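Chemist: Here it is: the structure, laid out below.
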Amino acid sequence: MADRLPVSVAVNGTTYTREVEPRDLLVYFLREDLRLTGTHVGCDTSQCGACTVLLDGRPVKSCTLFAVQADGKTLTTIEGMAKNGELHPIQKAFWDEHGLQCGYCTPGFIMTASALLAKLPNPTEAQIRKGLEGNLCRCTGYVNIVRAVQSASAAMAARSAATPELVERGA
Amino acid sequence: MAVSQMIGARIQRREDPRLITGGGRYIEDLKPVGALTMALVRSPHPHARIRRINADAARALPGVVAVLVASDFKEVLKGSHPVAPAFVAEKLTVPDRYPIAADEVVFQGEPVVVVLAENRKLAVDAAEAVEVDYEPLPAVTDLFKALEPNSPKAHVNLVDNRAWDLTYAGEDTVSEAFARAEVVVKERVVQQRLAPTAMEPRGVVAEYSEYDGQLTLWLGTQNPHFIRLFVAGMLGMAETKVRVISEDVGGGFGSKISPYPEDYLVAAAARLLKRPVRWIETRSESIQATTHGRGQLFDVEIAAMRDGSLLALKVTQYLDTGAYVGTFGAFQACACLLAGGAYKWPGGVAARTVGVLTNRVPTDPYRGAGRPEATHNIERILDKLAHEIGMDPVAIRQKNFIQPDEFPFTNNFGLIYDSGNYQGAMDQAVQLVEYDAFRKRQAQARAEGRYLGIGISSWIEICGFGPSAATVGATGGLALIESAQVRIHPTGSAQVFVGTHAQGQGHETTFAQIAADTLGLPYESIEIRHGDTAEGAAFGYGTYGSRSLAVGGMAVRKTAKQVVAKAHKIAAHLLEAAPDDVVFDQGRFHVKGNPGTAKTMAEVAFASFGASLPEGVDHGLEATSYFDPPNFVWPFGTHICIVEVDPNTGSVNLEKYVAVDDCGEIINPLIVEGQLHGGIAQGIAQALFEEVSYDEETGQLLTGTLQDYLVPTANEIPTPVLGRTITPSPSNELGVKGIGEAGTIASSVAVINAIVDALQPLGITHIDMPASPDRLWQQIRAAQGAQA
């Protein structure tokens with residue numbers, strides 16, 4: 001049995017300390033050790049993006065990182081997007097625009113979209129498509145995913161204008 | 001009144017809140033306490049004899065509970081993988097398929113050794129430690145070579161690689177028409193193998209209880225009841241002792257209809273080891289061992305007059321079945337029966353299907369299954385013919401369409417198209433795409449040395465499987481009807497159990513819309529349940545072939561009406577009126593002419609559990625029924641695509657995509673549009689990107705990951721312009737057809753026709769799929785060379 005190493009990670013605002021094998025992938029650490037099963041595995045080779053989470057605010061494919069690489073870092077997963085029972089504007093936009101069908105790729109898309117909108121709050125359609133190219137969806141033809149990101153961008157802009165103190169959280 | 005408006009309402013899906021928050025329950029999310037993980041040692045060879053298996057090192061590893069080979073399953077798994085007659089009742093060769101290879105492996109990825117360990121990592125480690133000594137055998141890798149007498153055989157004991165060879169209508173059917181035709185055009189059309197690539201790979205979790213001899217199987221499937229039937233049969237258990245549960249399913253597209261070896265192996269291992277067992281497929285396993293779609297070649301020949309009148313058609317299908325015949329693989333032969341498409345063939349249609357065994361993973365339905373192939377053939381050859389006689393592709397279609405007043409229309413194989421207005425859909429598409437303006441723009445562009453093209457695809461589809469008389473033979477006894485059970489609880493909330501099972505189609509929403517309007521209850525108080533064989537009616541037939549609404553939705557409608565009929569009697573009793581004097585309107589029962597005094601459905605439900613019931617009426621308010629449709633349903637439409645091809649790189653820019661589809665009446669437009677978006681994307685993907693390829697000599701899979709198998713991203717798929725016509729189906733009272741496969745059926749050939757149209761100045765008359773930059777560039781180069 002391989003040696004185990006301690007890992008301490010803040011996930012969705014809670015700090016977890018666990019011992020892991022050096023070879024343990026971050027996605028399985030989240031899914032199996034922390035039982036956060038909203039992050040999915042779709043390809044094992046970092047093409048599909050179903051496993052996308054935010055690592056210190058940046059989108060990463062958690063199937064291609066070791067859990068130990070997240071030591072001391074801050075993670076956000078799909079389970080951390082809604083706050084106090086209120087959907088994140090991106091989640092709401094995916095719902096409103098029918099941006100999902102089977103839903104398997106959806107958490108990854110939402111996480112990628114949140115990083116995209118943090119960087120480019122008002123992206124063009126081309127920028128959205130480019131920004132989502134690391135995530136695969138088999139159901140929607142991306143049409144309503146793109147619309148969802150556009151509508152989330154508008155909703156977040158309106159919200160920031162109304163309550164400037166929420167700008168940070170919107171990211 | 002709100003209750004009367006749910007059918008047709010564009011409402012958000014009720015599935016979504018759990019799926020957008022990480023609360024979905026997919027198969028990998030389930031982990032029973034004490035579950036072992038199964039890993040498989042799979043054949044690295046397309047064809048080989050197993051000489052020896054040495055698992056000593058694997059067994060010695062920590063955490064390994066068992067290493068099992070075929071002989072270890074003999075006592076618990078008895079029988080062979082099921083193969084449905086589908087559209088080929090008489091097959092020549094159907095090799096027996098056991099879930100795990102014993103002496104011979106016949107495709108790369110076939111299970112050879114089962115490893116069970118305390119967790120995933122240990123199971124994978126142990127699988128890698130198993131040594132299997134193989135003697136490679138010659139592999140069958142080419143459809144036509146496979147048919148030659150001296151070809152190697154896909155299994156050593158076969159005398160012929162022909163799985164079937166069935167002529168639906170012989171050459172004599174069309175010989176007179178071909179003899180008098182002024183023009184005959186032919187083409188060989190390739191339908192490359194595709195990996196369905198549901199984003200959630202397959203997975204199975206099983207638990208066996210010694211207490212009551214009950215096996216519970218969780219899996220991601222389109223077809224829970226059939227899986228229960230097959231697994232119970234293979235394990236020699238009564239259906240009552242097997243429960244299949246399928247919760248959220250991350251896409252299917254046909255690849256989760258049939259049972260798989262792993263379903264049986266996980267179930268058997270759980271039974272043998274008396275521990276829960278789970279197996280989750282990796283993507284590499286999925287591309288290797290989950291059924292593929294298409295994998296066909298067609299010879300298509302058309303006979304016509306110079307004025308564009310169509311006479312007759314000949315189609316021969318060569319279908320790569322893979323190493324075993326897929327459970328529903330012969331369904332794809334429907335490409336022959338639908339060969340004539342939306343047109344009339346006074347001189348007949350000849351059709352033959354040949355199933356060919358090769359050393360590859362079996363093929364089975366993939367979105368559209370046979371109908372995209374039929375559409376691709378006819379729409380491709382029609383364009384080639386139009387070009388040959390100098391006729392506009394719109395005009396040739398217009399000249400030969402079945403006309404609205406000719407429905408119901410019986411096609412050359414006796415199938416009855418229920419309703420349609422093919423011309424109406426094409427007219428709208430032509431208008432939306434601004435066809436005439438495009439032709440002018442195209443002429444200008446050509447003068448500037450640019451290659452713009454337009455491609456039309458007028459499609460039809462058979463779906464809504466199906467009427468018992470027509471489908472009972474296809475499955476070997478179980479007609480593809482559908483069940484529903486409706487239960488209203490004392491305070492007026494209702495549960496509807498259906499035998500279909502969604503993988504993203506939104507049935508929890510649309511079926512609730514139907515039930516709400518029919519029962520007169522608020523939409524919010526209706527819950528749709530599916531995917532658990534322990535609930536609802538005794539049997540359900542699953543979700544595939546765009547059948548769920550037209551058959552399953554109708555089962556909901558029919559059953560809900562039975563509940564209303566019973567409620568009507570109770571309401572009359574409560575209102576102290578004769579049932580004939582009571583009307584049911586907007587969820588309320590009242591005496592005719594006196595709407596002020598009424599009983600709501602919820603009040604009637606409460607009363608149905610009380611003491612005062614009319615004579616002869618039992619307690620409770622529930623019903624179970626099955627819907628057997630009188631006919632299939634026949635959606636149709638026209639898609640038109642505009643492309644520009646860059647002759648220097650062979651790349652294709654999809655400039656515009658217009659789709660006008662007719663699926664009859666619509667329950668929820670939001671969902672219909674979503675189905676079209678995704679369907680169109682999958683057809684475009686086949687036209688331009690996707691292909692499972694194998695090395696021609698060694699038979700080795702070359703596209704084993706999503707790095708090599710090109711599923712398009714958001715950068716490659718355009719936003720289509722959607723139009724719509726509505727021609728209700730006369731086959732059911734909702735007037736609905738189906739929309740799950742329409743986009744895929746129509747789109748591949750719209751794209752290819754557009755590319756061919758773009759490249760016509762170079763003398764190019766046909767292009768195979770996928771029209772990758774590499775393929776196009778070579779073809780353009782060759783054409784330019786020929787012209788120079």
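Naming works like this for the structure tokens: A, B, ... for the chains as they're shown, residue 1 at the start of each chain, ligands 1 onward in shown order.
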Could you name the residues that touch Glu125 in chain A at 10 Å or less, counting only C-alpha atoms, but leaving out those on the same chain fewer than 5 positions away, as JSON, numbers by chain?

Modeler: {"A": [130, 131, 146, 147, 149, 150]}

Chemist: Could you save the residues just selected, with C-alpha atoms, as a PDB file, in the first residue's frame?

Modeler:
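After the write, result_14.pdb holds the following:
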```
ATOM      1  CA  LYS A 130     -14.302  29.722 -27.254  1.00  0.00           C
ATOM      2  CA  GLY A 131     -14.520  29.832 -23.478  1.00  0.00           C
ATOM      3  CA  VAL A 146     -24.584  29.560 -25.062  1.00  0.00           C
ATOM      4  CA  ARG A 147     -27.928  31.292 -24.478  1.00  0.00           C
ATOM      5  CA  VAL A 149     -24.311  32.038 -20.456  1.00  0.00           C
ATOM      6  CA  GLN A 150     -25.541  35.119 -22.320  1.00  0.00           C
TER       7      GLN A 150
END
```

Chemist: Residues at most 8 Å from Thr106 in chain A, counting only C-alpha atoms, excluding those fewer than 4 positions away in the same chain, as an mmCIF file with N, CA and C atoms, in the first residue's frame?

Modeler:
```
data_model
loop_
_atom_site.group_PDB
_atom_site.id
_atom_site.type_symbol
_atom_site.label_atom_id
_atom_site.label_comp_id
_atom_site.auth_asym_id
_atom_site.auth_seq_id
_atom_site.Cartn_x
_atom_site.Cartn_y
_atom_site.Cartn_z
ATOM 1 N N ALA A 50 -16.441 17.403 -17.773
ATOM 2 C CA ALA A 50 -17.519 17.136 -16.815
ATOM 3 C C ALA A 50 -17.023 17.272 -15.382
ATOM 4 N N LEU A 100 -29.774 22.355 -20.442
ATOM 5 C CA LEU A 100 -29.331 21.006 -20.109
ATOM 6 C C LEU A 100 -30.427 20.016 -20.479
ATOM 7 N N ILE A 110 -21.326 24.741 -15.890
ATOM 8 C CA ILE A 110 -21.637 25.859 -14.991
ATOM 9 C C ILE A 110 -20.355 26.389 -14.352
ATOM 10 N N LEU B 19 -30.391 18.791 -11.114
ATOM 11 C CA LEU B 19 -29.258 18.574 -12.004
ATOM 12 C C LEU B 19 -28.309 19.769 -12.062
ATOM 13 N N ILE B 20 -28.804 20.972 -11.796
ATOM 14 C CA ILE B 20 -27.926 22.157 -11.850
ATOM 15 C C ILE B 20 -27.266 22.444 -10.507
#
```

Chemist: Please identify every residue of chain A that has at least one atom no farther than 6 Å from an atom of chain B, counting only C-alpha atoms, and for each give the shortest atom pair and the distance in Å to one decimal, arranged by chain then increasing number, as JSON lines.

Modeler:
```
{"residue": "A:Thr37", "atom": "CA", "partner": "B:Asp29", "partner_atom": "CA", "distance": 5.9}
{"residue": "A:Gly38", "atom": "CA", "partner": "B:Gly22", "partner_atom": "CA", "distance": 3.7}
{"residue": "A:Gly42", "atom": "CA", "partner": "B:Met199", "partner_atom": "CA", "distance": 5.7}
{"residue": "A:Cys43", "atom": "CA", "partner": "B:Arg283", "partner_atom": "CA", "distance": 4.7}
{"residue": "A:Ile78", "atom": "CA", "partner": "B:Gly22", "partner_atom": "CA", "distance": 5.7}
{"residue": "A:Glu79", "atom": "CA", "partner": "B:Gly22", "partner_atom": "CA", "distance": 5.6}
{"residue": "A:Gln91", "atom": "CA", "partner": "B:Ile20", "partner_atom": "CA", "distance": 5.8}
{"residue": "A:Gln101", "atom": "CA", "partner": "B:Gly504", "partner_atom": "CA", "distance": 4.2}
{"residue": "A:Cys102", "atom": "CA", "partner": "B:Gly504", "partner_atom": "CA", "distance": 3.6}
{"residue": "A:Gly103", "atom": "CA", "partner": "B:Leu19", "partner_atom": "CA", "distance": 5.5}
{"residue": "A:Tyr104", "atom": "CA", "partner": "B:Gly250", "partner_atom": "CA", "distance": 5.0}
{"residue": "A:Arg129", "atom": "CA", "partner": "B:Ala714", "partner_atom": "CA", "distance": 5.1}
{"residue": "A:Glu133", "atom": "CA", "partner": "B:Thr713", "partner_atom": "CA", "distance": 5.5}
{"residue": "A:Leu136", "atom": "CA", "partner": "B:Thr713", "partner_atom": "CA", "distance": 5.8}
{"residue": "A:Cys139", "atom": "CA", "partner": "B:Gly678", "partner_atom": "CA", "distance": 4.8}
{"residue": "A:Thr140", "atom": "CA", "partner": "B:Gly678", "partner_atom": "CA", "distance": 4.3}
{"residue": "A:Gly141", "atom": "CA", "partner": "B:Gly678", "partner_atom": "CA", "distance": 4.3}
{"residue": "A:Tyr142", "atom": "CA", "partner": "B:Ala714", "partner_atom": "CA", "distance": 5.6}
{"residue": "A:Val143", "atom": "CA", "partner": "B:Thr719", "partner_atom": "CA", "distance": 5.6}
```

Chemist: Env of Thr39 in chain A: 8 Å cut, atoms = only C-alpha atoms, seq-sep filter 2 positions within chain, self excluded. Answer as a list in words.

Modeler: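 Near Thr39 in chain A, the qualifying residues are Val27, Leu30, Arg31, Leu36, Thr37, Val41, Ala50, Cys51, Thr52, Val53, Thr77, Ile78, Pro107 and Gly108 of chain A; Gly22 of chain B.
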
Chemist: What are the DSSP alpha helix (DSSP H) residues of range 59-97 of chain A, as a list in words?

Modeler: Pro89, Ile90, Gln91, Lys92, Ala93, Phe94, Trp95 and Asp96 of chain A

Chemist: Could the residues in this selection be written to a file with N, CA and C atoms, as a CSV table (one decimal), in the first residue's frame?

Modeler:
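result.csv, written as the output of this step:
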```csv
chain,number,residue,atom,x,y,z
A,89,PRO,N,-26.9,32.9,-10.4
A,89,PRO,CA,-27.5,33.3,-11.7
A,89,PRO,C,-27.2,32.4,-12.9
A,90,ILE,N,-26.0,31.8,-12.8
A,90,ILE,CA,-25.7,30.9,-14.0
A,90,ILE,C,-26.6,29.6,-13.9
A,91,GLN,N,-26.7,29.1,-12.7
A,91,GLN,CA,-27.6,27.9,-12.5
A,91,GLN,C,-29.0,28.3,-13.0
A,92,LYS,N,-29.5,29.4,-12.6
A,92,LYS,CA,-30.9,29.8,-12.9
A,92,LYS,C,-31.0,30.0,-14.4
A,93,ALA,N,-30.0,30.5,-15.0
A,93,ALA,CA,-30.0,30.7,-16.5
A,93,ALA,C,-30.0,29.4,-17.2
A,94,PHE,N,-29.3,28.4,-16.8
A,94,PHE,CA,-29.3,27.1,-17.4
A,94,PHE,C,-30.7,26.5,-17.3
A,95,TRP,N,-31.3,26.7,-16.2
A,95,TRP,CA,-32.7,26.2,-16.0
A,95,TRP,C,-33.7,27.0,-16.9
A,96,ASP,N,-33.6,28.3,-16.9
A,96,ASP,CA,-34.5,29.1,-17.7
A,96,ASP,C,-34.4,28.8,-19.2
```

Chemist: Which residues are close to range 86-93 of chain B, i.e. within 9 Å by only C-alpha atoms, leaving aside same-chain residues fewer than 4 positions away? Reply as a list in words.

Modeler: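 So, after excluding close chain neighbours, the residues are Leu158, Asp160, Asn161, Arg162, Ala163, Trp164, Asp165, Leu166, Val325, Thr327, Phe328, Gly329, Ala330, Phe331, Gln332, Ala333, Cys334, Thr353, Gly355, Leu357, Thr471, Gly473, Ala474, Thr475 and Gly476 of chain B.
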
Chemist: DSSP on the backbone: what in chain A comes out strand (DSSP E), as a list in words?

Modeler: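 Restricting chain A to strand (DSSP E) produces Leu5, Pro6, Val7, Ser8, Val9, Ala10, Val11, Thr14, Thr15, Tyr16, Thr17, Arg18, Glu19, Val20, Thr52, Val53, Leu54, Leu55, Arg58, Pro59, Val60, Lys61, Thr74, Leu75 and Thr76 of chain A.
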
Chemist: Might you pull out every residue within 12 Å of range 152-159 of chain A, with only C-alpha atoms counted and same-chain residues fewer than 6 positions away left off, and present them as a PyMOL selection string?

Modeler: chain A and resi 87-97+99+110+113-125+128+144-146+165-171
